[in-house]
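Asks: So that we are looking at the same thing, I have put the structure below in structure tokens.
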Amino acid sequence: MTIHPISLDSPIKTKIAWARDCMHALGEFLAGDKVITSLCRELGEAIRNSHAAMIHLGIVEECRECEDVRGGSCCGLGLENYYSGNLLLINLLLGVDVPQERIDPKGCFFLGAKGCRLAVRDVICINYLCEEITSRFSPEGIAELREREGIEVRLLFQLNERILGLLAEQEKTLNERRARA
Ligand code: SF4
Ligand code: SF4
């Protein structure tokens with residue numbers, strides 16, 4: 001495997017394979033970093049808080065009905081291409097079993113029967129609320145949700161940067177060793 005982060009233009013299955021290989025080779029090393037452990041814990045909590053706000057507001061129920069009754073999911077085909085290999089690696093670090101096959105031929109690669117199969121989502125997915133939702137739910141409730149999502153996005157950014165930094169260090173060390181050999 002290459003430690004260097006995989007290009008965003010790579011096919012989704014190649015990015016998943018890179019993330020799995022990286023987890024296999026460096027998962028223990030990454031999980032041993034105190035900053036990463038702490039950020040993973042905080043991010044997991046922030047994701048649960050955002051989800052709790054969505055349940056409380058009724059958005060989760062509304063989206064389920066939209067999927068099941070109206071057949072109108074916003075998790076369309078191709079949205080998976082916004083996902084970087086690193087974001088998939090973060091899902092693995094948080095214990096998510098990143099899917100390896102698409103279920104819905106017309107949907108996003110990560111869409112499952114009960115919604116998204118990832119826990120750590122890209123900003124594009126975290127922030128998206130359709131007009132139906134923003135117009136029907138209370139502005140105060142939406143503002144509270146946005147605040148929680150803001151924390152989630154900030155922690156995700158910090159974790160992503162930390163992992164990229166450590167991977168770059170590992171790559172440099174490996175290249176120096178190879179040059180000496
Ligand atoms: S955000 Fe809107 S379009 Fe997307 S699933 Fe929910 S209700 Fe449907
Ligand atoms: S929320 Fe999940 S299933 Fe929906 S578009 Fe984003 S990654 Fe895909």
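Simple scheme: letters A, B, ... for chains in structure tokens order, numbers from 1 for residues in each chain, numbers from 1 for ligands in the order shown.
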Skipping near chain neighbours, those fewer than 2 positions away, what residues fall within 7 Å of segment 113-127 of chain A using only C-alpha atoms, listed as a ChimeraX atom specification?
Replies: /A:83,91,96,98,110-111,129,149,153
Asks: Any chance you could export the current selection's C-alpha atoms as a compact mmCIF listing (two decimals), in the first residue's frame?
Replies:
# COMPACT_ATOMS: atom_id res chain seq x y z
CA TYR A 83 -15.48 11.22 0.12
CA ASN A 91 -14.81 5.95 9.86
CA VAL A 96 -17.49 1.72 11.43
CA VAL A 98 -17.21 0.76 5.88
CA PHE A 110 -23.02 4.38 1.25
CA LEU A 111 -26.82 4.50 1.33
CA LEU A 129 -31.13 20.02 4.68
CA GLU A 149 -23.12 20.24 13.42
CA VAL A 153 -17.35 19.72 11.43
Asks: Which residues, written as a PDB file with C-alpha atoms, in the first residue's frame, have at least one atom at most 12 Å from Cys130 of chain A, with only C-alpha atoms counted and residues fewer than 6 positions away on the same chain left out?
Replies:
ATOM      1  CA  ILE A  59     -35.995  15.326  10.941  1.00  0.00           C
ATOM      2  CA  GLU A  62     -39.354  13.064   8.144  1.00  0.00           C
ATOM      3  CA  CYS A  63     -36.415  11.768   6.086  1.00  0.00           C
ATOM      4  CA  CYS A  66     -39.458  10.804   2.460  1.00  0.00           C
ATOM      5  CA  GLY A  72     -37.296  11.026  -2.467  1.00  0.00           C
ATOM      6  CA  SER A  73     -33.929  10.537  -0.889  1.00  0.00           C
ATOM      7  CA  CYS A  74     -31.297  13.228  -1.334  1.00  0.00           C
ATOM      8  CA  CYS A  75     -28.498  10.606  -1.097  1.00  0.00           C
ATOM      9  CA  ARG A 136     -41.260  23.140   8.117  1.00  0.00           C
ATOM     10  CA  PHE A 137     -39.166  23.016  11.270  1.00  0.00           C
ATOM     11  CA  ILE A 142     -32.575  24.279  13.102  1.00  0.00           C
TER      12      ILE A 142
END
Asks: By how many Å are atom CA of Ser10 of chain A and atom CA of Ala31 of chain A apart?
Replies: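 Atom-to-atom, atom CA of Ser10 of chain A and atom CA of Ala31 of chain A are spaced 25.8 Å apart.
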Asks: Give me the residues within 10 Å of Leu26 of chain A as a PyMOL selection string, counting only C-alpha atoms and dropping any in the same chain fewer than 5 places off.
Replies: chain A and resi 3+20-21+31-32+167+170
Asks: So the first atom is atom CA of Ile163 of chain A and the second is atom CA of Met1 of chain A; what is the distance between them in Å, to one decimal place?
Replies: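 Separation of atom CA of Ile163 of chain A and atom CA of Met1 of chain A: 16.6 Å.
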Asks: Excluding Ile151 of chain A and any residue of its chain fewer than 2 positions from it, enumerate the residues within 10 Å of it, using only C-alpha atoms, and give them as a ChimeraX atom specification.
Replies: /A:42-43,46-47,49-50,146-149,153-157
Asks: Would you mind exporting the chosen residues as an mmCIF file, in the first residue's frame, restricted to C-alpha atoms?
Replies:
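See selection_10.cif below for the written result:
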data_model
loop_
_atom_site.group_PDB
_atom_site.id
_atom_site.type_symbol
_atom_site.label_atom_id
_atom_site.label_comp_id
_atom_site.auth_asym_id
_atom_site.auth_seq_id
_atom_site.Cartn_x
_atom_site.Cartn_y
_atom_site.Cartn_z
ATOM 1 C CA GLU A 42 -15.030 13.877 20.973
ATOM 2 C CA LEU A 43 -16.105 13.430 17.363
ATOM 3 C CA ALA A 46 -20.495 15.279 18.586
ATOM 4 C CA ILE A 47 -22.012 12.965 15.947
ATOM 5 C CA ASN A 49 -25.327 14.981 19.708
ATOM 6 C CA SER A 50 -26.160 16.084 16.147
ATOM 7 C CA ARG A 146 -26.505 23.849 13.081
ATOM 8 C CA GLU A 147 -24.573 24.665 16.238
ATOM 9 C CA ARG A 148 -24.056 20.975 17.028
ATOM 10 C CA GLU A 149 -23.117 20.236 13.418
ATOM 11 C CA VAL A 153 -17.347 19.715 11.431
ATOM 12 C CA ARG A 154 -14.636 21.436 13.507
ATOM 13 C CA LEU A 155 -13.606 18.186 15.198
ATOM 14 C CA LEU A 156 -13.649 16.353 11.881
ATOM 15 C CA PHE A 157 -11.351 18.980 10.378
#
Asks: Could you tell me how far atom 4 (Fe, counted along the ligand's line) of ligand 2 lies from atom CA of Gly76 of chain A, in Å and to one decimal?
Replies: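 Separation between atom 4 (Fe, counted along the ligand's line) of ligand 2 and atom CA of Gly76 of chain A: 7.1 Å.
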Asks: If we count only C-alpha atoms and set the cut-off at 8 Å, which residues sit around Met23 of chain A, ignoring sequence neighbours fewer than 6 positions away in its own chain? Please answer as a VMD selection string.
Replies: chain A and resid 89 92 to 93
Asks: For Tyr82 of chain A, which residue among A:Cys108, A:Val69, A:Leu174, A:Leu39 is the nearest when counting only C-alpha atoms?
Replies: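 Smallest distance to Tyr82 of chain A is found for A:Cys108.
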Asks: Using only C-alpha atoms and all ligand atoms, which of the listed residues (A:Gly71, A:Gly27, A:Gly95, A:Gly78) sits closest to ligand 1?
Replies: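 Closest residue, counting only C-alpha atoms and all ligand atoms: A:Gly71.
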Asks: Near Phe109 of chain A, counting only C-alpha atoms, which residues have an atom at most 9 Å away, once you skip same-chain residues fewer than 6 positions from it, shown as a ChimeraX atom specification?
Replies: /A:12,75-81,99-103
